[in-house]
Each structure stands twice: as structure tokens, then as C-alpha cells.
Amino acid sequence: MDKPFAITLDVGSSRANKTGSWRTERAVYTNRMPPCNDACPAGEDIQGWLYEGEEGGAGYEHAWRRIMEDNPFPAIMGRVCYHPCETACNRGHLDEAVGINSVERFIGDEAIRQGWTVAVTAPPSGRHVLVVGAGPSGLAAAYHLALLGHAVTIKEAGPMAGGMMRFGIPRYRLARDVLDAEVQRILDLGVVLELDAKVTDLDALRSEYDAVFLAVGAQLGKRAYVPAGSAAHVLDAVDMLRDLETGEKPLLGRRVAVYGGGNTAMDAARTAKRLGAAEAVVVYRRTKDRMPAHESEIAEAEDEGVLFTWLTTITQVDAGRLVVERMELDGAGVPQPTGELDELEADSLILALGQETDLSLLEGVPDLVVQDGVVAVGPDMMTGCAGVFAGGDMVPFERSVTVAVGHGKRAAHHIDDWLSGTAPEPVVRPALATFDTLNTWYYSDAPRAHRPVLDRARRESTFDEVVLGHDESTALLEARRCLSCGNCFGCDNCYGVCPDNAVLKLGDPKAYLIDLDYCKGCGICVAECPSGAIQMVPEEI
Amino acid sequence: MPFQEIKLYQAGTFVAGNRLLDPEQRSVQARTGRSNSLTSGHRACQGCGEALGARYVLDAAMRATDGKLVAVNSTGCLEVFSTPYPESSWQLPWLHSLFGNGPAVASGVAAALRATGRDDSRVVGQAGDGGTVDIGFGALSGMFERNDDVLFVCYDNEGYMNTGVQRSGATPPGAATATTKALGPEPGNVFGQGKFVPLIAMAHEIPYVATATVAELRDLEYKVEKAMSFHGARYLHVFVPCPLGWRAAAADTIKLARLAKESGVFPVFEAEHGEVTEVSRIRRQVPVEEYLRPQGRYAHLFGDPGRPDVVARIQARADRNIARFGLLGEGDE
Amino acid sequence: MRSQLEGSQAVARAVALCRPQVIAAYPISPQTHIVESLSDRVRTGELAGCEYLLVDSEFSAMSACIGASAAGARSYTATSSQGLLFMAEALFNTSGLGLPVVMTLANRAIGAPINIWNDHSDAMAMRDSGWIQLYAESNQEAVDLHVQAFRLAESLSVPVMVCMDGFVLTHAFEEVDLPTQEQVDAFLPPFVPQQLLDPDDPVTIGAMVGPEAFAEVKYLVHATQVAALDEVPAIAADFERAFGRDSGGLLKRYRLEDAETVVVALGSVLGTIEDVVDSLRDDGFRIGVLGITCFRPWPHDEVRAALGDATRVVVVERAFAVGAGGIVGQNVRDATRGLPVVVQDVVAGLGGRPITRTSLRGLFEDVVADRLDASHLHFLDLDVELVQRELARSRARRRSGPHAEHMLRDLGTVASGTPHGGG
């Protein structure tokens, strides 16, 4: 139409007015470190794989592949990891932490059910790396090294792979078919596993390889001097669990005492119950809240009828009875003897006082530093001896499967750098996505789904897995409880809330662009981003 | 049928979109093909709630009418910031006449569309609170009682912002404006005045009346779509914070709208033919103080010594809303 | 078809023949019979395809017409007096937006004091609103002007106000020749809006225009009005061809040949004036009448030409600018600037006061005899005694300055030597 001058205008003509010039701050998309990722000893991108998993369907495989970038044991992790991620989870401030571990288990199990595999895509490097020990650390290192194109040989002293995952963790916590499946997947990458191949003289062997990763673990039960009568039946927890795994059923009697307060003590007591003990008593010298065992393990043990005797030390072991002494905590929380003695009926005593590493294989290896019974390593996991790296329980860190797996990954990458002579890229850790960076209004209220557990009756007599997995729909909803802290999850809020239409949606999820021609810098997109994935940055004027 | 919340835990009903949703379940604002009825380059202040609200409403109405929509706009911020010659930010047929006549102009447009056989096109009239509750009120009431086929939308920012933040009939008690300054023994706007036009609209027994805020996009879009499913006079009262007039941070626009609803200060509900049919219940109740504090127009209530008595009176008003509309009833979640 | 009809009915029928698509109306005397009749015609279906809005005020009536016109409908309303003033803001808006709304104004006085009777205060108050103003002398002309008004409005995209004297015309039964629907349809094509609210071709109508272009917009509005000075006679000529009647146009010339004295007026009073002029002519006076049909736009050149041979002009008008003087007179003086002619302003017929032949004859005799002081505003048939009394009373109450003293003197109340001021 022939529009009258000035009073009638063309639609959309204001786009000629670039209001971006008003801006003193601009909105910038950002990625903050989600607290789960920050807390994961294996360095998993938990938020990232939950994001994939939230899609359901094909998303589960994508999620699994994301986990596999960091950790070859999703199904194992979903059972045995003590999930510091959940402790750190921001959702805990809102209602209850996301059940990350349960989702990881579902995804890991789904991979086994579906037979998903990984393949080596890197060209062969021509380098050969020796891994000593087929525990979680050694297997993880072998896996990553293989993916990086290196030839890997694992020498394992025992008759089966898995290390403490097999010989320390009872099968009611980790079904062996799961363990076998995830180990086999690593071997399928071409990793050579030599069993019953204890390395006794590393120095003689190391010249045959371009690099070595030591992960022999800590399998020697710590001894405490307890006077024992000749008829006293005293076992070591580590030995007992290992023997059980290799088919030897220990004779424990009706009443079993376990000495110690760590996870191994819980495993020993719960195993004793399953082996037919009418009574399993954990004797610990401090109080419950000071027990090093994981809370869930204590709870499950209590649930299964394991008894606890706090503030108690064992001073004498005789056939059928223990002499115990009451302790009390001093001001510093250290238990002090009271001189008050008592007796406890026990047909056997299992010692679970911690483990030590057998370092005899290291004799003659130059420049190694051993402190407090463990091997010192640098930030690159390399020991004092060039080309010899170490990880897992034999280095001075917290001992857990997940820590060990993390060591394996880190060591593998450092070995790769060392072999290629490149300096590792400095890791820039983004700022933590703290709870206050979130706008939690946007998250639907969603109570956590807890995993079902095995009937009490079956837990008393079998080694069937106690904690069961989620079904698919439950796992999916649990994954979707993730707040995606610090990272865009494609909710379109920024695109929706901009009063100036200055957020462009490019089509793909998470693909947005701030249109600086029009962004006035109001900051609404930042305020209304649920996950804190946008921030305001001052303009240089 | 009431607005169905989408149970998608990570961010179901409350965000604009989400990749996990079926495209049909995403809000209009989450779609790449939204009409952007009010497009970029407008001269609204940073963080303008009215600009946001207008795009939300009109895009939803455009979708509901398959693009067959005409807008009539009363004088005010929205009109001024969107159409300074030679640039218009509108992307639909749009007419501005005067401050006080928007509803009547809209009636005329609707009549013309019907008379010329184009009544597949629908009409939205829109104005700020001044143009709706004060100067345009007579025309609005007339449009209502005639039941003309117009959806009239009030973008309520509780004052005459375009002219420099003076008090309107929608300015709440206690709020300081240029004509109700924080002076004298009763600082700010006085208690016992003002009107809530949604209830007056209901008294006309028109087919549909609803309130909404820019903080709840999906609720707002649902109400626009529902409004467009009726013929006859419809009224939508949208709460749109004004960073300039409220002396609040530009980034807090949506937050303040949310707090207004969650504190009970602004009741969100729907009514059909004069009866309330649905209320949006408070999800995370907050005391009014949480809503008032970030706003400079209430700063005089929180100085030293402050006016806790006035805050208590504002709380009492919110409590009355909560009781009157049942805002704390059984939640949907 | 000739019928004996009330003016309002005649106009309503004429409007209906123009097929308006939206009518918005609010009752006010003396316009009511028009919109009542139109309501009937819409209800019975005689006027098909028309939406009739019973709005809440005249302001809403004009506003609805604005919306309707912008949305492409031929739009019509009618009002009077206070109603027109209540529309004031919308009148300017209609013209500023260039919307071809047609309105009947049944002229009526403006209060206070409230008065429902006829004068031209309402139309004159809105003379600068940007509307074309056409004044009907008779009901026949009112009918004809409405038919022409729609065509004029739509051809230039300007609003047109057809003024007819309230009661005097609206309520008078006269014989009127109403055109047929076929005739009107042939004369008045369907409305093709210059700009349109159309979802298929959206535009923004009613932008805010600042100092950089406001004057130009207003100039263009002015230019459109000026263009009407050509369009109005062209349409009147077309009308005459189609309907066989000389009706409308800018001016009506009555016995102007060799006239030394010319009476200028608008509206229904012209008939009376013409009768008086006839009798004066019979008595040998060289006097004629110039009727103003189109007051806005002001036909400056045409008026100047029509009055070029006169030596005396007396403007009889039914409104005045309080505190200033005649309104039409000012325009006539402007049109005759530099010509050897004296223009007198006489205010007559305010608030329904009858303008009698006797009074007019007396007035014109005074004019012809140069007995009227051209330096003052004159009021026909003013109750001088009453006014004097009141002025004296108020003079006693408050101090008056020299201007008010002069006014009293004009009325013969101020004796020389009377002290200024008072108690």
C-alpha cells in the first residue's frame, strides 16, 4: 500500500536501530565446573553424561560413551563407587542429591545388555607399556593407553584380573559377571593380560618396555599385635575375602568378631553373616561417627544384623573368647585406654586394620622414593624413576576403586605425553558452579528415586547383589533430576526471556548466540538461566 | 481444562523450552519460528518487563490465530518505545490512536473486520495500566459490556512510567512515585486507594478474564491461547515489572514478577463468565519483604528506622489475596 | 423520490444509501433521531453488512470509527455540541492519521450554561481539527452533502463533517428528494482505503513523530485539505451531472451581481437571509448573499473573488471567539485583505435564539446606511438592558480595567465622567 509519510511505517524497521550500543556489560555463555565433576576422583564429566542420558533411548549409549572417555567401568562404578559426586551435588541443597551412582549403574548395565563396545581409533604408536597389576588402576591405565594407540601388557600376580574389585569387594556388592564383562571389554582392545605373572624384579624387566605403570595395590593385611592363645582362631580380612573368591570357604564358627572400622571390616562382617555366622560383631576403638567405613556400608551392615561394639580394643584372643578393654576419647578425639576390661564371646577374630603394599618388586629400581610404605609420585603420576609411573593403592592417596581408576587414566595420559615428549597441556579448571549460581525456580520438584534392595532373608544366606538397579523409566527420571550446574542444557530460557530478542536460537540444542547488535546488557538471561551457564562481562568502553 | 504441567523433572513446566520436549510441548517463545511480533531495535529500557510481556502475549496470539491478528495500542511506553519515526518494532498490523481510547479503537477494528468479511482475523488491544485502569477505563468497560470480540491486554507496571513515574490507579500502597514520594508521615502511595481491574472485568461477566506475570511464560501463553479460543470480550492483566519506575535492577525483572506472585502480592488466576475457575498456587511462598526489598520505590520502608508497620500492612494485603483466591491450596506438585 | 420527511430521517436514509460498514454512535440531542433511524435500518437488514456499535461515549464513538476506518470499513458517526468536544482529541487524531470518517454534526450550543438549541459553537470550536466542514443550508442539501462527503473523504483520505443546524434542520419536516440506491452506488464507489490494517500486508499506523518530521506531516495534512478546494467543486459538479441538482460546492452566490453589500453566512439561516435580501433588492438596495458551504478548508481565493466588488460585507454568524470576535468574520477579513471593503461581524442566533426577518432587515438597513461601527463586534437582538444591568452589578463588585469600561461604553452604559473602578 502507498503509506502516508511518517505516521505509517514498515514493520520491523526498528532493526536498523542497533541498541547494542547502550550496553556496558554483555552476556556471555560460559561453562562452570559442576560440583559432581569437581568431586569425581575418576574425572568423569558426570554432568555431561547425565545430559546425554536425559534424552533416553539413544541417549543412554551416548552417555555410556561419555563415561567411557574417562572410566572403563560404568557398571562397576554404579555399584562400588562411594560417589563423592552425590555428596557434592547441588541438588542436595534443594531436596536430595541426584542418584548419580544409580544412573551410572543403569547405563553400565545397559551397555553390557546391549553389548556396546569401544574401538581403538588412534594409529598404533609402536610403543609398548608394561602395566603391573590388573586391579582397577592397572586396568584403567591399560584401557586408556590402548585407546591412545600403545601396546599394553599387564602382568598380574593373581589368577584373575580385577584386583581388589574381585578379591576385596564381596560379590553381593559387585556381581562377578559385571566385573568380568567390563574387564573383558578392555582386553578386547588388544591389551595382553598375563595372569599368575608376579613381577618380582622390575628393574630387570623395565628395559623391555617403553614405560611402566605400577599398580600393585595394597593387599597385605596390616598386623596388630594381639596376644593370642594357641587355640585362638585369627584371620586376616583381606586373606579371607581373597580365599573366598578363589573358592575356599573359611571356617568361622557361630560367633565372629571383626576388628576394625573401615569398609573392609564391614565387608568381612557381612560376609561372615552370609557364611552362616549367627553373630558378627564389629569391634572398633572409636565411635560410630568416626568410623572410616562408608555410611552406606555401615547402614547395610546394620540392616543385615551386624553388631557393633564401639570404644573397644581387643587385648587378648583365646579360643571362644576375647578380652576387650573399654576406651574413651580424649579431648583430641584420640581413644585412650580406661583399664576397664570385659569379655566377648567369639569363635574367630577377623582383623581388618588396613592394608599395606608389597613393594619388594621395586628393589633395585633407581631413584624411587618410598615413604610410609607407599611410592611417591609427582603430579604426573611418575615415580622418581623416569618412565616408571604408579597409581592406585600403592601411592599416597585415598584408597578406593574410583581413585584408582582416576590414577589409571591420569597416568595413561601422562605416559602418553612422556612417550611423545610433549608437555601436558595445562588444565584450566573453570570456576565451580556453586549453588548460588543457579536459578532453581525452574527445576521441577522431583523427589529422588532410591534403588530397591534385596530381601533381608536372601541377604542372610546368599551373595546375591544387595542393591538392585533402577528400571529404565526410573533411571531416566533420576537422570533428569540433574540441574546441569554451570552448563547449558538447552532449556531455551535465555532465548525466551530476552526483552530485546537479542538471543538467537540456532536450531541445535544448546546452540544460542547473543546478538550483540541488540543486546542491551540487561542481564535477565543471566538471572533466569537455571544452570548458571551465562555470565555478564563488562564491555571495554 | 486447566493448564497441564509437564512432568519433566530437569526443567519441566517452568523453562521456555528444553530439547527433551516434543516440539509441540515447547512454549511459543522457545520456537525458532516465533513471530517476534515486537522485534529488536525497540527503545525500551534495559530489562523492560512490558517489552517482554508484549512479545510473549502477541507471539502466542499470533500462533493461536495463525498470524491473523491486528493489534491496537494505547499511548504509553510500549507505543513510544516501539514506533518512533522512522522505525517500527512491530511485525503485525498495528494501530496507535490515543491514550484513552484503545479499547474503543479495538472495538472499531473488530467491527470493521466483521463488516468486511474478514473476521478470521482477530483483534488484540493493549495498554499500560494508565491506559487501562485510568484514562481508558470508560472505553474498556464499554467494550466489555458490549462483549466486543477483542482481547484487551493490560501490561501493568503500576504507574505512569512514560511520563516519569507518577502514580496510577494501579500503583500499590506504600510505593513511592513522582507524585507519591516518600515524604510526610505516610510515605509513598496511600492505603485504601487503587483498583484491581481484573475483578471489575469479571463483574462484566465477559467470557474470559485472567491475570498472569512475565515470570510464568507457559501460564501466560496458555492464557493467551485460551483467550483466543473465546469470542467476545476478554481481558488479560499481565504483571510487568519496570526497572526504571521501580528502581530495581534490570536483571531482576522476572525475579520480581515471580516474587510478586509467590508472596501473594499479585494473585494469578482465571475466570470465565464472572467466576474464578483456576488459581495459580504459590509454589515457594515468600514474605512480601523479599519482594519489596530489591525495589527502590520501597526503600523508605527499610531504612533506619524503616517502617515495619507499613510492611506489615502490605503483608496483610498479600495475606488477604492468599485467603481470597486460595493461593496456598493443594499444589499441583 | 420526493418525500415529506424529518431532516434527521432524510439524512439517516442518505447515510444508509452510502452503505457505511461501521456506525458507532452515542446519543445526544439533537442528533439522536439520525442514529436511532440508522439503528432501525441496521436491525431490519435494510442497511446490510453494517456493524452498529452502541458505544459508551462520543470519545469512544469517534475512536471506534478510527479503528474501523483503519481496518478498511466505511465508518460513520453523528454527534452534537458537548459530544463533539468530548471527541476533540479523537478528531485531531482522525485527521492526523488521514482516516476518511464521515460525521454528521447536528449543530448545537456548548455549555455552560447547558443549552440544547442550535448555534455553531460546536463546529467552530473544532474548526482547526483537520476535518473538512461542510454546512448544509437545507435538508435537501444535508442529504446531498452526505452523499458527497463519503466520496470526498475517501478520495482524499480525510475526515469530513457535515454540519446541519440542530432542530432547525434535524427536526424540520421538509420535502426532500432522496436519491435511489442505484444512483448512490453509481456515484460512490466502494471504499478503497489508502492504508489498511491487514495481516497479509502489515504496517504500523500511528507512529510517534518528533521535531524532525512533525512539521512536514502537518504540512501534508494541510496540503490535503487545500486539495479539497479543487475536489469539493469537482464532486459537486459530478453530483449535479448524476442527480440533476446543484448542491454542495464551496460557496453559494445569491444575487451577488452588482451587490455593494454582501451578507456572508452559513447554514440554515441563509434561507431567511435570502428572503430579507430579496425584499431589500425589491426596495432597490444593491445587496446579495454569499453562503459558505465549505468552511474548512477555507476557500480563501473563492471568497475573495466573490467579495471583490463589494464595499460592505456583514458576516452573520452563530458563534464567536469569546474575548476576540467573529470567527467567520476573521476568515473573511483575511480573504479580503487589501480590498476596499469593510467587514462587519454580527453574532446572531446563539443557543437557539431565533434570527428573525425583522431583525435581519434592521441590521442590513443599518449596514447599508453605514450606521454600524465596524470597529466593534455586534450582537443581534441582544437584551442590552439586561446586560447593562449585570455589567453594572459586577462593576460594583470588582475593579474593572479600561477594557471592560470600553465595553460598557459601547453598550451606552458608561457616562463620561463616571469614575473608573468601583467598590
# chains A, B, ... in the order shown; residues from 1 in each chain; ligands from 1
call {"tool": "closest_atom_pairs", "arguments": {"of": "chain B", "to": "chain A", "cutoff": "6 Å", "atoms": "only C-alpha atoms", "output": "CSV"}}
result
residue,atom,partner,partner_atom,distance
B:Tyr9,CA,A:Ser444,CA,5.2
B:Gln10,CA,A:Arg480,CA,4.5
B:Ala11,CA,A:Tyr443,CA,4.5
B:Gly12,CA,A:Ser444,CA,5.8
B:Phe14,CA,A:Tyr442,CA,4.9
B:Val15,CA,A:Asn493,CA,5.6
B:Ala16,CA,A:Asn493,CA,4.9
B:Gly17,CA,A:Asp492,CA,4.9
B:Asn18,CA,A:Cys491,CA,3.7
B:Arg19,CA,A:Gly490,CA,5.7
B:Gln29,CA,A:Gly496,CA,5.0
B:Ala30,CA,A:Asp492,CA,5.5
B:Ser40,CA,A:Asp500,CA,5.2
B:Gly41,CA,A:Arg15,CA,4.7
B:Gln46,CA,A:Cys522,CA,4.9
B:Gly47,CA,A:Cys522,CA,5.0
B:Ala51,CA,A:Pro499,CA,5.6
B:Leu52,CA,A:Pro499,CA,4.5
B:Glu87,CA,A:Ser14,CA,4.4
B:Ser88,CA,A:Ser14,CA,4.9
B:Ser89,CA,A:Gly12,CA,4.8
B:Trp90,CA,A:Val11,CA,5.4
B:Gln91,CA,A:Val11,CA,4.9
B:Ala250,CA,A:Cys522,CA,5.2
B:Ala251,CA,A:Ile524,CA,4.2
call {"tool": "interface_residues", "arguments": {"of": "chain B", "to": "chain C", "cutoff": "8 Å", "atoms": "only C-alpha atoms", "output": "PyMOL selection string"}}
result
chain B and resi 67-70+80+83-86+88+90-98+101-102+104-116+121+138-139+142-143+146
call {"tool": "residues_around", "arguments": {"residues": "Leu174 (chain A)", "least_positions_apart": "4", "cutoff": "9 Å", "atoms": "only C-alpha atoms", "output": "list of chain:residue names"}}
result
A:Ile76, A:Arg79, A:Val80, A:Met165, A:Arg166, A:Ile169, A:Pro170, A:Val178, A:Leu179, A:Asp464, A:Glu465
call {"tool": "closest_residue", "arguments": {"among": "C:Gly351, C:Gly291, C:Gly308, C:Pro113", "to": "Val328 (chain C)", "atoms": "only C-alpha atoms"}}
result
C:Gly291
call {"tool": "residues_around", "arguments": {"residues": "Trp298 (chain C)", "least_positions_apart": "2", "cutoff": "9 Å", "atoms": "only C-alpha atoms", "output": "count of residues only"}}
result
11
call {"tool": "residues_around", "arguments": {"residues": "Ile282 (chain B)", "least_positions_apart": "6", "cutoff": "7 Å", "atoms": "only C-alpha atoms", "output": "CSV table (one decimal) with C-alpha atoms, in the first residue's frame"}}
result
chain,number,residue,atom,x,y,z
B,261,LYS,CA,3.2,-14.0,42.7
B,262,GLU,CA,4.9,-16.1,45.3
B,327,LEU,CA,-3.4,-19.2,46.7
B,328,LEU,CA,-2.0,-21.7,49.2
call {"tool": "atom_distance", "arguments": {"atom1": "CA of Thr211 (chain B)", "atom2": "CA of Thr163 (chain B)"}}
result
25.1 Å
call {"tool": "residues_around", "arguments": {"residues": "region 217-234 of chain B", "least_positions_apart": "4", "cutoff": "8 Å", "atoms": "only C-alpha atoms", "output": "PyMOL selection string"}}
result
chain B and resi 3+13-16+27-28+56-57+60-61+64-65+143-144+146-152+206-210+212-213
call {"tool": "select_by_dssp", "arguments": {"residues": "region 123-245 of chain B", "states": "strand (DSSP E)", "output": "list in words"}}
result
Val123, Val124, Gly125, Gln126, Ala127, Gly128, Val150, Leu151, Phe152, Val153, Cys154, Tyr155, Asp156, Tyr208, Val209, Ala210, Thr211, Ala212, Thr213, Arg234, Tyr235, Leu236, His237, Val238 and Phe239 of chain B
call {"tool": "write_last_selection", "arguments": {"atoms": "C-alpha atoms", "output": "PDB file, in the first residue's frame"}}
result
ATOM      1  CA  VAL B 123      -8.010  -8.123  17.478  1.00  0.00           C
ATOM      2  CA  VAL B 124      -5.797  -7.559  20.496  1.00  0.00           C
ATOM      3  CA  GLY B 125      -5.944  -4.218  22.262  1.00  0.00           C
ATOM      4  CA  GLN B 126      -3.124  -3.384  24.589  1.00  0.00           C
ATOM      5  CA  ALA B 127      -2.197  -0.656  27.011  1.00  0.00           C
ATOM      6  CA  GLY B 128      -0.269   0.004  30.154  1.00  0.00           C
ATOM      7  CA  VAL B 150     -11.457  -8.061  21.481  1.00  0.00           C
ATOM      8  CA  LEU B 151      -8.784  -9.433  23.760  1.00  0.00           C
ATOM      9  CA  PHE B 152      -7.643  -6.477  25.791  1.00  0.00           C
ATOM     10  CA  VAL B 153      -4.291  -6.816  27.489  1.00  0.00           C
ATOM     11  CA  CYS B 154      -3.105  -4.573  30.285  1.00  0.00           C
ATOM     12  CA  TYR B 155       0.617  -4.568  30.891  1.00  0.00           C
ATOM     13  CA  ASP B 156       0.584  -3.455  34.476  1.00  0.00           C
ATOM     14  CA  TYR B 208     -12.724 -14.734  29.988  1.00  0.00           C
ATOM     15  CA  VAL B 209     -10.585 -12.809  32.443  1.00  0.00           C
ATOM     16  CA  ALA B 210      -7.105 -13.843  33.513  1.00  0.00           C
ATOM     17  CA  THR B 211      -4.077 -12.487  35.267  1.00  0.00           C
ATOM     18  CA  ALA B 212      -0.510 -13.535  34.548  1.00  0.00           C
ATOM     19  CA  THR B 213       3.062 -12.410  35.040  1.00  0.00           C
ATOM     20  CA  ARG B 234     -11.677 -10.950  27.012  1.00  0.00           C
ATOM     21  CA  TYR B 235      -9.263  -9.363  29.442  1.00  0.00           C
ATOM     22  CA  LEU B 236      -5.728 -10.324  30.339  1.00  0.00           C
ATOM     23  CA  HIS B 237      -3.900  -8.429  33.057  1.00  0.00           C
ATOM     24  CA  VAL B 238      -0.158  -9.059  32.868  1.00  0.00           C
ATOM     25  CA  PHE B 239       2.145  -8.034  35.677  1.00  0.00           C
TER      26      PHE B 239
END
call {"tool": "residues_around", "arguments": {"residues": "Arg41 (chain C)", "least_positions_apart": "2", "cutoff": "12 Å", "atoms": "only C-alpha atoms", "output": "PyMOL selection string"}}
result
chain C and resi 9+12-17+19-20+23+34-39+43-52
call {"tool": "closest_residue", "arguments": {"among": "C:Leu350, C:Thr79, C:Ala324, C:Val332", "to": "Ala306 (chain C)", "atoms": "only C-alpha atoms"}}
result
C:Val332
call {"tool": "select_by_dssp", "arguments": {"residues": "region 215-423 of chain C", "states": "helix (DSSP H, G or I)", "output": "PyMOL selection string"}}
result
chain C and resi 215-243+269-282+300-307+328-335+350-352+357-368+384-397+402-410
call {"tool": "atom_distance", "arguments": {"atom1": "CA of Ser461 (chain A)", "atom2": "CA of Val103 (chain A)"}}
result
28.0 Å
